[in-house]
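K.L.:
This is the structure I have questions about; it appears just below.
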Amino acid sequence: MNTLLPGIIKAIPVKNFIFSLLFLFLISPAFSQEIRINCTDEPLNKILIQLRDNYGLMVSFDDRQLSTYKLTVEKRFSSPEQTIDYLLKGLPFRYEVSEGVYIIYTFEVRVKPKIYFIAGSVSDRTSHETLPFSSILINNKGFISDARGNFSFTSGTDSIFSVKISYLGYYILDTVVPRGTHYNFRLTPSVISMQEVIVIGPVVERSIQTGNSPGVIKLNHKIAYYLPGNGDNSVFNLLRLQPGILASGEQSADLIIWGSYEGQSQVVYDGFTLYGMKNFNDNISAVNPFMAKDIKVLKGEFGAEYGERVGGIVDITGTDGSRLSPSVNLNINNMTLNGSISVPFRKKSSLLMAYRQTYYNLYNPVEYSSSGSGRGRQSSNADYYLVPDYIFRDMNLKYSGSGVKSNYYISLYSGRDDFNYSFDQEALQKSITLAYNEQNMQLGGAAFYGFRWKEKNTSNFTISYSLLKTDRDYQEEIVRTAGNQVFSNINEQTRNAIHEINGRIDNKIILSEKHTADAGAGLLYYKTDNYINTIRDTVDEHLLIPYFYLQDNILLLDNLTIRPGIRMNFHNLSGRIYFQPRISAVYRINEAFRLNAAAGMYNQFVAKNMIMDASANYKLAWSICGSKETAVLSSNSYSLGLSFNKHNFTASIEGYHRNTEGITRFLETETGTFVHEGDSRTKGLDIFVKKEFKNQSFWIAYTFSKTEEKFPYFPANSYLPAMHDQRHEFKMAGLAKIKSFHFSACYVFGSGFPDPDLLPDAVDYTQPYSRLDADLIYSISKRKIKIDAGISVLNVLNTENIRYSNYTRVPTDESTTVSLYAEAVPFTPALSLKITY
């Protein structure tokens, strides 16, 4: 430092150095002293002139502009910058310093627009049950609440909000409220148990809602109870009467939606998957009607917030239970016993429990009967009818509650069933002995916590677990009566189990009045177990799938809603990332007509694969996709629809097309088991017409569908009809109330399926499916007790229908086969008694 300093001083000219010192000496008194201002209501331009005259401050400004601002100041400042900063604070002026001159100029102050918020929840007025996915219209802009009934909305124009809320089975709420973030809008149910309560005037929301979004149907769970049946399968009885959902063939363990295969559609209850049990004969299902609150059917082209299925999704929100007072429900019929109890805790939470069980042999079975009994033959190859023995029980437990900005629940489920039949008969000079037993166990549970942040956005955390375990035992022995020679002997035990663990976070972000976004991420884990005693080995497979999704919701021109989105899955076995873009649009032509369209790509990472033996008997087993033997399922799906809704009249028409690849099928032959990968294509048209009167509701549903598949083992390299292909299905349903009586009836007609005995060598469709059901319920109420006594008749005309899922072929020699099947629902009267407290 000592060596550099003399050099620097030497480099500066002496004349310039002396001049700089003199300049600093002259101006330093002016700015080293403090600046004092003392004025009252003085124009800003005059204050600055006084600073120039008194302190030598050089200032440039527009005298006319600054003269309009008057200030009162009594303050001392240590520098010119501090002085000018104070004088210009809050005024539309800024300044710059150029060569010692403070230049003041006009600056446009941008006033931040005010944003007004409204947020709250929707619930039942009588029980305080939250109402998920409620339809909300605020300031003529429509959207839906989340799975817990929460919503938020922003406006940049008005702090007063016009709110209109509707929910299936409830009176519409129409009100005007100021801004606020803690609203709890309570809707009144249209079906009220207590005679003391009288509701007059308001309009009742529809019982079935369709056409508002591509491929989406919303169902009123309250009307399901009044449909024909014993009450234990009312949820699926309502589902089977909707367009696009197969009713013929009575698929009790799974749903066939828009031509999808078994296992390609998903039933979600309270956030966890119900994989489905045997549920023989369509009389009972894994969803207890006492535990169902909201039913949303996504037939296809669903948004990015849903995934891991290439078919459809049925999203069921469970009941929370009353938070006001204890309640009890009991339903007794000639097949099952069903009960539930709800206990509130300080009006902030509730505990709900439900239990069902078959209390005697459900179908009073006989071992077998000949098909020549006079009822007619569905198929020339169906030689014997079987009536199985079936036992079922399940239990639900749920605790739920809420705070000012949060809500939570824990929902648990356990179910078991036992399905078996036996056969012992001499036919075609042979003695045939057969015994089959199938046991299923379904476990499920979910823990949920959701909260609202920044007064408008929401985040939901969910962790869920599902398990389905199926044990099968099949024994068959065929002995030639001449010589007592054993022709064949089969003893096979199998076990198939699927485990699913899913942890996820879902966020809804309000970006503006016309723009919202859904974003989420999660981690999905699958495990499958497969055991066959003939191999004496258990095959365990594991799969881990991290996923992320982003779903945009944009309102354009107040009548066009566009929902672009993308879902991404990482498959840890293959290391591949699956991108699944999706888009949908709804155009509101006017108040009555809506046009919607959608397209998307979908992947599925577990599949219910078919295992077919040499006699064309088949069973289904879950396995991981993307492993050595099975491919990842992928589909491209498109739909286009038009709907009309006005004056309680609804009509919709919707066309769809879907291509699915990666379908795996196992063929068992004498030389071994061979794996084949195929694909399918489906196209169809759904038509729905419904009219509601004061106390009546009537609807018609029609589906045209064509599902074809192609596998390498087919004789010709061409597409053939799939086993569940049915070209036409027609459904009718009607409900009416006259004083204390509820009447209902429904009819289903299906054109028939391909004969499985002939596929794939030939195609011949079987006889049509036809079933008429009727129901009558008488209701009485006294104080807090309501009693419903009812009688249902299933298959009133006793039409013979066949269920090919229970069809068994037993080869008696190289060219002859005896066929056994468990027929679909015969003429079945059912008495029921429901007590509600």
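Following the order of the structure tokens, chains are lettered A, B, ..., residues in each are numbered from 1, and ligands are numbered from 1.
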Could you name the residues that touch region 649-654 of chain A at 6 Å or less, counting only C-alpha atoms, but leaving out those on the same chain fewer than 6 positions away, as a list of chain:residue names?
P.N.:
A:Leu640, A:Gly641, A:Leu642, A:Ser643, A:Leu685, A:Asp686, A:Ile687, A:Phe688, A:Val689, A:Lys690, A:Lys691
K.L.:
Check which residues of region 252-308 of chain A sit at most 9 Å from region 499-510 of chain A using only C-alpha atoms, and return one row each with the closest pair of atoms and their distance in Å to one decimal, ordered by chain and rising number, as a Markdown table.
P.N.:
| residue | atom | partner | partner_atom | distance |
| --- | --- | --- | --- | --- |
| A:Phe272 | CA | A:Asn502 | CA | 8.2 |
| A:Thr273 | CA | A:Glu500 | CA | 8.1 |
| A:Glu305 | CA | A:Asp506 | CA | 8.2 |
K.L.:
Can you write out as JSON lines which residues of region 298-324 of chain A fall within 10 Å of region 125-130 of chain A, alongside each residue's closest atom pair and its distance in Å to one decimal, counting only C-alpha atoms and ordering rows by chain and ascending residue number?
P.N.:
{"residue": "A:Thr319", "atom": "CA", "partner": "A:Glu129", "partner_atom": "CA", "distance": 7.3}
{"residue": "A:Asp320", "atom": "CA", "partner": "A:Glu129", "partner_atom": "CA", "distance": 6.1}
{"residue": "A:Gly321", "atom": "CA", "partner": "A:Glu129", "partner_atom": "CA", "distance": 6.6}
{"residue": "A:Ser322", "atom": "CA", "partner": "A:Ser127", "partner_atom": "CA", "distance": 4.6}
{"residue": "A:Arg323", "atom": "CA", "partner": "A:His128", "partner_atom": "CA", "distance": 6.1}
{"residue": "A:Leu324", "atom": "CA", "partner": "A:Ser127", "partner_atom": "CA", "distance": 6.2}
K.L.:
Could the residues in this selection be saved with N, CA and C atoms as a PDB file, in the first residue's frame?
P.N.:
ATOM      1  N   THR A 319     -70.739 -41.834   3.239  1.00  0.00           N
ATOM      2  CA  THR A 319     -71.462 -41.045   4.224  1.00  0.00           C
ATOM      3  C   THR A 319     -70.560 -40.742   5.422  1.00  0.00           C
ATOM      4  N   ASP A 320     -70.723 -39.552   5.995  1.00  0.00           N
ATOM      5  CA  ASP A 320     -69.957 -39.177   7.174  1.00  0.00           C
ATOM      6  C   ASP A 320     -70.678 -39.514   8.467  1.00  0.00           C
ATOM      7  N   GLY A 321     -71.995 -39.484   8.458  1.00  0.00           N
ATOM      8  CA  GLY A 321     -72.760 -39.659   9.682  1.00  0.00           C
ATOM      9  C   GLY A 321     -73.245 -38.330  10.215  1.00  0.00           C
ATOM     10  N   SER A 322     -74.323 -38.361  10.973  1.00  0.00           N
ATOM     11  CA  SER A 322     -74.916 -37.139  11.503  1.00  0.00           C
ATOM     12  C   SER A 322     -74.046 -36.554  12.615  1.00  0.00           C
ATOM     13  N   ARG A 323     -73.875 -35.216  12.583  1.00  0.00           N
ATOM     14  CA  ARG A 323     -73.124 -34.517  13.629  1.00  0.00           C
ATOM     15  C   ARG A 323     -74.047 -33.832  14.623  1.00  0.00           C
ATOM     16  N   LEU A 324     -75.354 -34.016  14.469  1.00  0.00           N
ATOM     17  CA  LEU A 324     -76.305 -33.349  15.344  1.00  0.00           C
ATOM     18  C   LEU A 324     -76.849 -34.266  16.428  1.00  0.00           C
TER      19      LEU A 324
END
K.L.:
Can you pull out the residues contacting region 47-50 of chain A? Cut-off 12 Å, using only C-alpha atoms, and skip same-chain residues under 2 positions away; I want them as a VMD selection string.
P.N.:
chain A and resid 35 to 45 52 to 63 66 to 67 69 to 74 80 83 to 84 87 to 88 102 to 104
K.L.:
Using only C-alpha atoms, find the one residue out of A:Thr836, A:Gln442, A:Gln82, A:Thr828 that sits nearest to Lys786 (chain A).
P.N.:
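Nearest candidate to Lys786 (chain A) out of A:Thr836, A:Gln442, A:Gln82, A:Thr828: A:Thr836.
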K.L.:
What are the closest atom pairs, with distances in Å to one decimal, for all residues of region 212-297 of chain A lying within 9 Å of region 656-670 of chain A? Consider only C-alpha atoms, order rows by chain and residue number, and present the result as JSON lines.
P.N.:
{"residue": "A:Gly215", "atom": "CA", "partner": "A:Tyr656", "partner_atom": "CA", "distance": 8.8}
{"residue": "A:Trp258", "atom": "CA", "partner": "A:Tyr656", "partner_atom": "CA", "distance": 8.0}
{"residue": "A:Gly259", "atom": "CA", "partner": "A:Arg658", "partner_atom": "CA", "distance": 8.6}
{"residue": "A:Ser260", "atom": "CA", "partner": "A:Thr660", "partner_atom": "CA", "distance": 8.9}
K.L.:
Filtering to C-alpha atoms, could you give me those residues as a PDB file, in the first residue's frame?
P.N.:
ATOM      1  CA  GLY A 215     -68.668 -39.042 -20.278  1.00  0.00           C
ATOM      2  CA  TRP A 258     -68.025 -48.480 -22.687  1.00  0.00           C
ATOM      3  CA  GLY A 259     -66.823 -51.894 -23.800  1.00  0.00           C
ATOM      4  CA  SER A 260     -63.968 -52.149 -21.312  1.00  0.00           C
TER       5      SER A 260
END
K.L.:
Fewer than 4 positions away in the same chain doesn't count, so skip those; otherwise give me all residues within 8 Å of region 470-475 of chain A, counting only C-alpha atoms, as number ranges by chain.
P.N.:
A: 434-441, 489-497
K.L.:
Enter the distance from CA of Gly450 (chain A) to CA of Leu173 (chain A), in Å, rounded to one decimal.
P.N.:
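So the two atoms, CA of Gly450 (chain A) and CA of Leu173 (chain A), lie 24.9 Å apart.
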K.L.:
Looking at A:Gln209, A:Leu557, A:Pro564, A:Ser697, which one is nearest to Arg588 (chain A), with distances taken over only C-alpha atoms?
P.N.:
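For Arg588 (chain A), the nearest of the candidates is A:Leu557.
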